[in-house]
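Here is the file data-v1.cif (mmCIF, C-alpha atoms).
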data_upload
loop_
_atom_site.label_atom_id
_atom_site.label_comp_id
_atom_site.auth_asym_id
_atom_site.auth_seq_id
_atom_site.Cartn_x
_atom_site.Cartn_y
_atom_site.Cartn_z
CA MET A 570 0.00 0.00 0.00
CA ASN A 571 1.16 3.51 -0.78
CA PRO A 572 0.01 7.08 -0.28
CA ALA A 573 -2.60 7.83 -2.97
CA GLY A 574 -0.85 9.93 -5.59
CA SER A 575 1.36 12.93 -4.96
CA HIS A 576 0.70 15.71 -2.53
CA GLU A 577 -0.37 18.95 -4.20
CA LEU A 578 2.88 20.54 -3.05
CA LEU A 579 4.73 18.80 -5.89
CA ALA A 580 2.50 20.50 -8.46
CA MET A 581 3.07 23.92 -6.84
CA LEU A 582 6.86 23.85 -6.83
CA PRO A 583 9.17 24.62 -9.76
CA PRO A 584 11.18 21.47 -10.68
CA PRO A 585 14.44 22.65 -9.04
CA LEU A 586 12.55 22.95 -5.73
CA ALA A 587 10.71 19.60 -5.95
CA PRO A 588 12.78 18.16 -3.04
CA LEU A 589 11.04 20.68 -0.74
CA ALA A 590 7.78 18.72 -1.02
CA ARG A 591 9.46 15.49 0.09
CA LEU A 592 11.22 17.27 2.95
CA ALA A 593 8.03 19.02 4.10
CA LEU A 594 6.07 15.75 4.12
CA ASN A 595 8.41 14.04 6.57
CA LEU A 596 7.92 15.37 10.08
CA ARG A 597 11.58 15.00 10.95
CA TRP A 598 11.76 18.79 10.49
CA VAL A 599 9.92 19.04 13.83
CA TRP A 600 13.06 18.09 15.79
CA ASN A 601 15.75 18.58 13.14
CA HIS A 602 16.01 22.32 12.57
CA ALA A 603 18.41 22.29 9.62
CA LEU A 604 15.48 23.21 7.36
CA ASP A 605 14.19 26.18 9.35
CA ARG A 606 16.00 28.75 7.21
CA VAL A 607 14.61 27.16 4.04
CA TRP A 608 10.98 27.50 5.16
CA GLU A 609 11.73 30.99 6.39
CA ALA A 610 13.13 31.93 2.98
CA CYS A 611 9.86 30.86 1.34
CA ASN A 612 7.51 32.83 3.56
CA PRO A 613 8.89 34.13 6.88
CA GLU A 614 5.54 35.45 8.16
CA VAL A 615 3.66 32.18 7.66
CA TRP A 616 6.56 30.07 8.92
CA HIS A 617 7.02 31.99 12.15
CA GLN A 618 3.27 32.08 12.83
CA THR A 619 2.42 28.45 12.02
CA ARG A 620 5.68 26.46 12.05
CA ASN A 621 4.10 24.45 9.23
CA PRO A 622 6.26 24.12 6.09
CA VAL A 623 3.30 22.92 4.03
CA LEU A 624 1.44 26.16 4.77
CA ALA A 625 4.64 28.17 4.21
CA ILE A 626 4.99 26.74 0.70
CA GLN A 627 1.28 26.97 -0.11
CA ASN A 628 1.24 30.64 0.84
CA THR A 629 4.38 31.60 -1.04
CA PRO A 630 3.65 33.55 -4.26
CA ARG A 631 4.58 31.76 -7.46
CA SER A 632 6.93 34.59 -8.34
CA ARG A 633 8.87 34.07 -5.09
CA LEU A 634 9.16 30.32 -5.68
CA GLU A 635 10.46 30.93 -9.20
CA GLU A 636 12.94 33.47 -7.83
CA LEU A 637 14.25 30.89 -5.36
CA ALA A 638 14.40 28.27 -8.12
CA ARG A 639 16.74 30.57 -10.07
CA ASP A 640 19.04 31.02 -7.08
CA PRO A 641 21.81 28.40 -7.48
CA THR A 642 22.94 28.75 -3.86
CA PHE A 643 19.43 28.09 -2.53
CA VAL A 644 18.81 25.20 -4.94
CA GLU A 645 22.10 23.56 -3.97
CA ARG A 646 21.27 24.02 -0.30
CA VAL A 647 17.94 22.26 -0.82
CA ARG A 648 19.65 19.39 -2.64
CA GLN A 649 22.22 19.02 0.12
CA LEU A 650 19.48 18.89 2.74
CA GLU A 651 17.59 16.25 0.78
CA ARG A 652 20.75 14.14 0.40
CA SER A 653 21.43 14.49 4.12
CA GLU A 654 17.86 13.46 4.98
CA THR A 655 17.97 10.47 2.64
CA GLU A 656 21.33 9.37 4.02
CA HIS A 657 20.13 9.69 7.62
CA LEU A 658 16.96 7.67 7.03
CA SER A 659 18.73 4.91 5.07
CA ARG A 660 21.85 4.38 7.17
CA PRO A 661 21.93 1.38 9.57
CA SER A 662 20.23 2.35 12.80
CA TRP A 663 21.16 1.60 16.40
CA PHE A 664 18.42 -1.06 16.54
CA GLN A 665 19.64 -2.81 13.40
CA GLN A 666 23.18 -2.97 14.75
CA ALA A 667 22.21 -3.98 18.29
CA PHE A 668 19.66 -6.63 17.26
CA GLU A 669 20.48 -8.56 14.11
CA LEU A 670 16.95 -9.74 13.39
CA ASP A 671 15.86 -10.72 9.90
CA PRO A 672 13.15 -9.76 9.38
CA PRO A 673 12.92 -7.23 12.21
CA PRO A 674 9.80 -7.41 14.38
CA VAL A 675 6.88 -5.06 13.80
CA ILE A 676 5.68 -3.13 16.86
CA ALA A 677 2.25 -1.53 16.50
CA TYR A 678 1.87 1.47 18.82
CA PHE A 679 -1.69 2.64 19.47
CA SER A 680 -2.51 6.02 20.99
CA MET A 681 -5.58 8.25 21.09
CA GLU A 682 -3.43 11.34 20.55
CA TYR A 683 -0.03 12.32 19.16
CA GLY A 684 1.69 15.55 20.14
CA LEU A 685 4.27 15.86 17.38
CA THR A 686 4.00 19.58 16.61
CA ASP A 687 1.62 22.52 17.05
CA ALA A 688 1.24 22.45 13.28
CA MET A 689 -0.53 19.08 13.56
CA PRO A 690 -2.89 19.49 16.54
CA LEU A 691 -3.95 15.91 17.19
CA TYR A 692 -3.35 16.02 20.95
CA SER A 693 -4.52 17.68 24.16
CA GLY A 694 -1.71 17.23 26.67
CA GLY A 695 0.91 15.01 28.24
CA LEU A 696 -0.30 11.67 26.88
CA GLY A 697 -0.02 12.98 23.34
CA VAL A 698 3.33 14.68 23.90
CA LEU A 699 4.75 11.44 25.30
CA ALA A 700 3.40 9.52 22.28
CA GLY A 701 4.94 12.07 19.92
CA ASP A 702 8.31 11.86 21.68
CA HIS A 703 8.04 8.07 21.58
CA LEU A 704 7.81 8.14 17.77
CA LYS A 705 10.64 10.67 17.38
CA THR A 706 12.95 8.59 19.55
CA ALA A 707 11.94 5.37 17.78
CA SER A 708 12.84 7.04 14.49
CA ASP A 709 16.26 8.16 15.70
CA LEU A 710 17.05 4.71 17.14
CA GLY A 711 15.50 2.78 14.26
CA VAL A 712 13.08 0.87 16.49
CA PRO A 713 10.66 -0.86 14.06
CA ILE A 714 7.43 0.84 15.13
CA VAL A 715 4.30 1.60 13.14
CA ALA A 716 1.91 3.96 14.90
CA VAL A 717 -1.89 4.10 14.79
CA GLY A 718 -4.13 6.99 15.81
CA LEU A 719 -7.18 8.99 14.75
CA PHE A 720 -7.29 11.88 12.29
CA TYR A 721 -9.38 14.53 14.04
CA ARG A 722 -11.15 17.00 11.79
CA GLU A 723 -11.33 19.51 14.67
CA GLY A 724 -9.10 17.97 17.34
CA TYR A 725 -9.07 19.33 20.86
CA PHE A 726 -10.57 22.69 21.73
CA ARG A 727 -8.51 25.84 22.07
CA GLN A 728 -9.16 27.64 25.31
CA MET A 729 -10.00 31.34 25.24
CA LEU A 730 -11.50 33.68 27.82
CA ASP A 731 -14.24 36.20 27.22
CA ALA A 732 -14.37 39.69 28.75
CA SER A 733 -15.88 38.34 31.98
CA GLY A 734 -13.24 35.61 32.36
CA ALA A 735 -15.49 32.72 31.31
CA GLN A 736 -13.90 29.94 29.25
CA LEU A 737 -14.68 29.72 25.55
CA GLU A 738 -14.07 26.46 23.72
CA ILE A 739 -12.95 27.11 20.16
CA TYR A 740 -12.58 24.31 17.62
CA ALA A 741 -10.40 24.98 14.59
CA VAL A 742 -10.57 22.82 11.47
CA ASN A 743 -7.60 20.64 10.55
CA SER A 744 -7.31 21.03 6.79
CA ARG A 745 -5.84 17.83 5.40
CA GLU A 746 -4.53 19.68 2.36
CA SER A 747 -2.36 21.88 4.59
CA LEU A 748 -0.95 19.14 6.81
CA PRO A 749 2.00 16.80 6.12
CA VAL A 750 -0.21 13.76 5.48
CA ARG A 751 -1.21 11.73 2.46
CA LEU A 752 -4.16 9.45 1.84
CA VAL A 753 -3.24 5.75 1.69
CA ALA A 754 -4.34 3.89 -1.44
CA ASP A 755 -5.25 0.24 -1.92
CA ALA A 756 -3.87 -2.02 -4.64
CA GLU A 757 -6.29 -0.50 -7.18
CA GLY A 758 -5.16 3.04 -6.45
CA THR A 759 -8.35 4.07 -4.65
CA PRO A 760 -8.43 5.28 -1.03
CA LEU A 761 -7.88 2.40 1.37
CA ARG A 762 -10.95 1.83 3.54
CA VAL A 763 -11.61 -0.58 6.38
CA ALA A 764 -15.16 -1.44 7.39
CA ILE A 765 -16.57 -1.81 10.90
CA GLN A 766 -20.03 -3.32 11.31
CA LEU A 767 -22.29 -1.09 13.41
CA PRO A 768 -26.01 -1.64 14.07
CA GLY A 769 -27.78 -1.36 10.73
CA ARG A 770 -24.81 -0.10 8.71
CA ASP A 771 -21.13 -0.39 7.92
CA LEU A 772 -18.81 2.36 9.09
CA ARG A 773 -16.10 3.06 6.52
CA VAL A 774 -12.80 4.41 7.77
CA ARG A 775 -10.12 5.89 5.52
CA VAL A 776 -6.41 5.82 6.37
CA TRP A 777 -3.95 8.72 6.15
CA GLN A 778 -0.21 8.43 6.58
CA ALA A 779 2.20 10.84 8.20
CA SER A 780 5.93 10.09 8.15
CA VAL A 781 7.74 10.72 11.44
CA GLY A 782 11.31 10.19 10.35
CA ARG A 783 11.52 6.42 9.85
CA VAL A 784 8.19 5.78 11.59
CA PRO A 785 4.90 5.62 9.63
CA LEU A 786 1.93 7.03 11.54
CA TYR A 787 -1.45 5.80 10.24
CA LEU A 788 -4.41 8.01 11.10
CA LEU A 789 -7.98 6.71 10.83
CA ASP A 790 -10.66 9.04 9.53
CA SER A 791 -14.43 8.45 9.56
CA ASP A 792 -15.10 11.67 7.60
CA ASP A 793 -15.79 9.73 4.44
CA PRO A 794 -18.54 10.70 1.96
CA LEU A 795 -19.78 7.09 2.02
CA ASN A 796 -20.74 7.45 5.71
CA SER A 797 -23.80 9.11 7.21
CA PRO A 798 -23.39 12.63 8.64
CA PHE A 799 -23.43 11.17 12.17
CA ASP A 800 -20.73 8.62 11.40
CA ARG A 801 -18.60 11.18 9.57
CA GLY A 802 -18.39 13.08 12.85
CA ILE A 803 -17.05 10.17 14.94
CA THR A 804 -13.45 11.28 14.50
CA ALA A 805 -14.21 15.01 14.49
CA LYS A 806 -13.20 15.94 18.04
CA LEU A 807 -10.50 14.52 20.30
CA TYR A 808 -12.15 12.96 23.37
CA ALA A 809 -15.67 13.50 22.06
CA GLY A 810 -18.03 14.61 24.81
CA ASP A 811 -20.73 12.01 25.44
CA GLY A 812 -20.08 8.38 26.30
CA GLU A 813 -21.41 6.91 23.07
CA ALA A 814 -19.24 9.15 20.90
CA ARG A 815 -16.14 8.26 22.93
CA TYR A 816 -17.02 4.58 22.76
CA LEU A 817 -17.32 4.74 18.97
CA GLN A 818 -13.95 6.48 18.74
CA GLU A 819 -12.36 3.68 20.73
CA ILE A 820 -13.98 1.09 18.46
CA VAL A 821 -12.47 2.89 15.46
CA LEU A 822 -9.03 3.16 17.09
CA GLY A 823 -8.84 -0.42 18.37
CA ILE A 824 -10.86 -2.56 15.97
CA GLY A 825 -10.46 -0.28 12.96
CA GLY A 826 -6.79 0.25 13.72
CA TRP A 827 -6.00 -3.45 13.84
CA ARG A 828 -7.95 -4.05 10.62
CA ALA A 829 -6.04 -1.22 8.95
CA LEU A 830 -2.72 -2.87 9.85
CA GLU A 831 -4.00 -6.13 8.39
CA ALA A 832 -5.14 -4.33 5.22
CA LEU A 833 -1.69 -2.75 4.94
CA GLY A 834 -0.16 -6.22 4.97
CA LEU A 835 1.73 -5.69 8.23
CA GLU A 836 2.40 -8.79 10.35
CA VAL A 837 2.52 -7.35 13.87
CA ASP A 838 4.61 -9.00 16.55
CA VAL A 839 3.95 -6.62 19.45
CA CYS A 840 0.83 -4.55 20.10
CA HIS A 841 1.60 -1.63 22.46
CA LEU A 842 -1.35 0.27 23.94
CA ASN A 843 -0.57 3.81 25.11
CA GLU A 844 -3.38 4.00 27.71
CA GLY A 845 -6.49 1.85 27.55
CA HIS A 846 -8.31 3.75 24.81
CA ALA A 847 -7.21 1.27 22.13
CA ALA A 848 -7.77 -1.91 24.15
CA PHE A 849 -10.24 -3.27 21.59
CA ALA A 850 -7.19 -3.89 19.37
CA THR A 851 -6.26 -6.85 21.57
CA ILE A 852 -9.75 -8.33 21.11
CA GLU A 853 -9.64 -7.85 17.34
CA ARG A 854 -6.17 -9.36 17.23
CA ALA A 855 -7.42 -12.46 19.05
CA ARG A 856 -10.53 -12.66 16.84
CA MET A 857 -8.45 -12.56 13.66
CA PHE A 858 -5.97 -15.09 15.05
CA ALA A 859 -8.82 -17.47 15.92
CA GLN A 860 -10.24 -17.04 12.43
CA SER A 861 -6.93 -17.74 10.68
CA SER A 862 -5.78 -20.60 12.91
CA GLY A 863 -9.12 -22.33 13.47
CA CYS A 864 -9.03 -22.19 17.26
CA ASP A 865 -11.60 -20.75 19.65
CA PHE A 866 -11.50 -17.13 20.77
CA PHE A 867 -10.14 -17.62 24.29
CA THR A 868 -7.36 -19.90 23.04
CA ALA A 869 -6.48 -17.17 20.54
CA LEU A 870 -6.55 -14.53 23.27
CA TRP A 871 -4.14 -16.56 25.38
CA ALA A 872 -1.90 -17.16 22.34
CA THR A 873 -1.73 -13.45 21.39
CA ARG A 874 -1.67 -11.97 24.91
CA GLY A 875 2.08 -12.54 25.21
CA GLY A 876 2.63 -10.01 22.42
CA ASN A 877 0.50 -7.26 23.97
CA VAL A 878 1.85 -4.43 26.16
CA PHE A 879 -0.19 -1.83 28.07
CA THR A 880 1.28 1.44 29.33
CA THR A 881 -1.03 3.04 31.87
CA HIS A 882 -0.75 6.75 32.68
CA THR A 883 -3.83 7.41 34.82
CA PRO A 884 -3.10 7.46 38.59
CA VAL A 885 -6.80 7.59 39.63
CA ALA A 886 -9.14 4.67 38.97
CA ALA A 887 -12.12 7.02 38.56
CA ALA A 888 -10.44 8.61 35.52
CA PHE A 889 -10.40 5.42 33.43
CA ASP A 890 -12.83 5.24 30.51
CA THR A 891 -15.88 3.24 31.57
CA PHE A 892 -19.04 2.51 29.61
CA PRO A 893 -22.50 1.30 30.65
CA VAL A 894 -23.39 -2.26 29.77
CA PRO A 895 -26.42 -1.36 27.56
CA LEU A 896 -24.04 0.58 25.27
CA LEU A 897 -21.86 -2.50 24.89
CA TYR A 898 -24.86 -4.65 24.03
CA LYS A 899 -26.02 -2.06 21.50
CA TYR A 900 -22.77 -2.20 19.55
CA GLY A 901 -21.31 -5.55 20.60
CA LEU A 902 -23.92 -8.26 19.98
CA ASN A 903 -22.89 -8.92 16.39
CA TYR A 904 -19.21 -8.54 17.23
CA ALA A 905 -19.47 -11.15 20.00
CA ARG A 906 -21.01 -13.51 17.45
CA GLN A 907 -18.05 -12.85 15.14
CA CYS A 908 -15.75 -13.75 18.04
CA GLY A 909 -17.76 -16.91 18.71
CA VAL A 910 -18.49 -16.02 22.34
CA LEU A 911 -21.40 -14.76 24.40
CA PRO A 912 -21.63 -10.97 24.84
CA GLY A 913 -21.31 -11.37 28.61
CA GLN A 914 -17.99 -13.16 28.17
CA LEU A 915 -16.52 -10.20 26.30
CA ILE A 916 -17.96 -7.72 28.77
CA GLY A 917 -16.49 -9.70 31.66
CA LEU A 918 -12.97 -8.99 30.36
CA GLY A 919 -13.50 -5.34 31.25
CA ARG A 920 -14.75 -5.86 34.82
CA ALA A 921 -13.02 -6.46 38.11
CA ASN A 922 -15.76 -9.00 38.83
CA PRO A 923 -16.77 -10.56 35.50
CA ASP A 924 -20.00 -11.90 37.02
CA ASP A 925 -21.27 -8.58 38.42
CA PRO A 926 -24.03 -7.42 36.00
CA ASP A 927 -24.07 -3.92 37.51
CA GLU A 928 -20.36 -3.20 37.07
CA PRO A 929 -19.60 -0.94 34.08
CA PHE A 930 -17.11 -1.90 31.41
CA ASN A 931 -13.62 -0.53 32.10
CA MET A 932 -11.19 -0.06 29.19
CA ALA A 933 -8.14 -0.09 31.45
CA TYR A 934 -9.25 -3.39 33.00
CA LEU A 935 -9.70 -4.80 29.50
CA ALA A 936 -6.18 -3.67 28.57
CA ALA A 937 -4.66 -5.15 31.75
CA ARG A 938 -6.44 -8.48 31.24
CA THR A 939 -5.48 -8.87 27.59
CA CYS A 940 -1.83 -7.72 27.84
CA ALA A 941 0.96 -9.85 29.29
CA ARG A 942 2.92 -6.79 30.41
CA VAL A 943 1.65 -3.62 32.08
CA ASN A 944 3.90 -0.57 32.49
CA GLY A 945 3.53 2.47 34.69
CA VAL A 946 5.32 5.69 33.78
CA SER A 947 7.42 6.08 36.96
CA GLU A 948 8.31 4.19 40.11
CA LEU A 949 5.68 6.06 42.14
CA HIS A 950 3.07 5.55 39.45
CA GLY A 951 3.92 1.86 39.37
CA ARG A 952 3.15 1.59 43.08
CA VAL A 953 -0.12 3.50 42.67
CA SER A 954 -1.14 1.39 39.67
CA ARG A 955 -0.53 -1.85 41.53
CA ARG A 956 -3.18 -0.72 44.03
CA ILE A 957 -5.55 0.34 41.25
CA PHE A 958 -5.31 -2.97 39.39
CA ALA A 959 -5.21 -5.18 42.50
CA PRO A 960 -8.94 -6.11 42.10
CA LEU A 961 -8.04 -7.89 38.84
CA PHE A 962 -5.54 -10.12 40.64
CA PRO A 963 -7.26 -11.09 43.93
CA ARG A 964 -4.89 -14.04 44.54
CA TRP A 965 -1.76 -11.90 44.29
CA PRO A 966 -0.29 -9.76 47.06
CA GLU A 967 -0.70 -6.11 46.11
CA ASP A 968 3.04 -5.52 45.77
CA GLU A 969 3.28 -8.37 43.27
CA VAL A 970 0.57 -7.17 40.87
CA PRO A 971 2.36 -7.23 37.50
CA VAL A 972 2.69 -3.48 36.84
CA THR A 973 6.27 -2.38 36.13
CA HIS A 974 7.80 1.03 35.68
#

Rewrite the structure of this file - the entire thing - as structure tokens.
Amino acid sequence: MNPAGSHELLAMLPPPLAPLARLALNLRWVWNHALDRVWEACNPEVWHQTRNPVLAIQNTPRSRLEELARDPTFVERVRQLERSETEHLSRPSWFQQAFELDPPPVIAYFSMEYGLTDAMPLYSGGLGVLAGDHLKTASDLGVPIVAVGLFYREGYFRQMLDASGAQLEIYAVNSRESLPVRLVADAEGTPLRVAIQLPGRDLRVRVWQASVGRVPLYLLDSDDPLNSPFDRGITAKLYAGDGEARYLQEIVLGIGGWRALEALGLEVDVCHLNEGHAAFATIERARMFAQSSGCDFFTALWATRGGNVFTTHTPVAAAFDTFPVPLLYKYGLNYARQCGVLPGQLIGLGRANPDDPDEPFNMAYLAARTCARVNGVSELHGRVSRRIFAPLFPRWPEDEVPVTH
């Protein structure tokens, strides 16, 4: 699978400046500032205000681009930077030299948000910034990660205050045409779509790709003209307000994300959940394994669990995503049939007491139950998390609950 066609930047640039499009579409410029002067030379006002090279190029007059294309010093500088970028991304990495694995493993990293740059506002805070730094470091070290997230049309709100000091929530639109992303195409050259069965209809999800150095980041987008207006809005806002909207987002991220990796032909060895939002990926992984190997679902879950990792960030149990049982029955009856289990058996994976019909479904509990390894983010957080997850392991002393840091 490949990005569908060329980004419009290539058509805008004079041939001598064509490397600028390739450089702008790899987010390595976020932490490698060798290109800053180049974007500034195109349009200093737009560059300094947005820190987005795609916007800087798009808002540069044609006459200015042609002037730069006639400047041999500038053109040579661009060529040198492209050669340097190509050499950096193709040279043997630390991981390749430290671990001589052929083929290298594929690590799928799932996160609800990615804080890579202000120019690509797909995050709200620390969880996203950590995920963004995770990808940047993986690129520099050559760790074989592919990342999965959601492409938010509006993202997280911007906070403003009115004259009386009251908070205003402002949602800006993320224009795909002005971001360093490209639509992924299938083998026929049409946009790659994965389908998720919802009550009475199929939800179609498109896939966009951003390049973070060596790391591909696949972003799932429900804003497809083949979907209903309601379904097109599923991925509009980061952490959508009501419970049903959030639940649908986590279905798209987990189930849709795993199906996207399968559609891309990626054979994943390790599934890493950054928080519990994407925990449905572990269920979909087990379902697909059961389907391909001919075993039952719970055998498949046990077989795949060893390759699942959960990093928990939340230090308060009340802050985990929980959903009422009727919502799970609304969207999960057909999916449970696909898994070959009863709905209550799936729901029980997300409860401290699987047999308690009044207990809501907890995404963090689901992640902890379906992952062989659970990480906290610090020594103190590890101790706190062992207390939080102790109800899942009633036969273990609290200090031996398998949460590491």

As a check of understanding, name the residues that the PyMOL selection byres ((chain A and resi 830) around 10) selects in the supplied structure, as a PDB file with C-alpha atoms, in the coordinates of the input.
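So out_39.pdb came out as:
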ATOM      1  CA  ALA A 677       2.250  -1.530  16.500  1.00  0.00           C
ATOM      2  CA  VAL A 715       4.300   1.600  13.140  1.00  0.00           C
ATOM      3  CA  ALA A 716       1.910   3.960  14.900  1.00  0.00           C
ATOM      4  CA  VAL A 717      -1.890   4.100  14.790  1.00  0.00           C
ATOM      5  CA  VAL A 763     -11.610  -0.580   6.380  1.00  0.00           C
ATOM      6  CA  TYR A 787      -1.450   5.800  10.240  1.00  0.00           C
ATOM      7  CA  GLY A 825     -10.460  -0.280  12.960  1.00  0.00           C
ATOM      8  CA  GLY A 826      -6.790   0.250  13.720  1.00  0.00           C
ATOM      9  CA  TRP A 827      -6.000  -3.450  13.840  1.00  0.00           C
ATOM     10  CA  ARG A 828      -7.950  -4.050  10.620  1.00  0.00           C
ATOM     11  CA  ALA A 829      -6.040  -1.220   8.950  1.00  0.00           C
ATOM     12  CA  GLU A 831      -4.000  -6.130   8.390  1.00  0.00           C
ATOM     13  CA  ALA A 832      -5.140  -4.330   5.220  1.00  0.00           C
ATOM     14  CA  LEU A 833      -1.690  -2.750   4.940  1.00  0.00           C
ATOM     15  CA  GLY A 834      -0.160  -6.220   4.970  1.00  0.00           C
ATOM     16  CA  LEU A 835       1.730  -5.690   8.230  1.00  0.00           C
ATOM     17  CA  GLU A 836       2.400  -8.790  10.350  1.00  0.00           C
ATOM     18  CA  VAL A 837       2.520  -7.350  13.870  1.00  0.00           C
TER      19      VAL A 837
END

request  = Find the distance between CA of Leu634 (chain A) and CA of Leu582 (chain A) and write it in Å to one decimal.
outcome  = 7.0 Å

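Distances to Leu578 (chain A) were evaluated for A:Leu592, A:Ala959, A:Ile739, A:Ile765 using only C-alpha atoms, and the minimum falls at A:Leu592.
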
key: Residue members of the PyMOL selection byres ((chain A and resi 774) around 12) in the file shown, as an MDAnalysis selection string   = chainID A and resid 719:720 752:753 760:766 771:773 775:777 787:797 800:804 818 820:822 824:826 828:829 832

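The residue that comes closest to Ser653 (chain A), out of A:Ala888, A:Val742, A:Leu604, A:Leu579 and on the basis of all atoms listed in the file, is A:Leu604.
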
request  = Any chance you could resolve the PyMOL selection byres ((chain A and resi 674) around 10) against this file and give the residues as a PyMOL selection string?
outcome  = chain A and resi 670-673+675-677+712-714+836-839
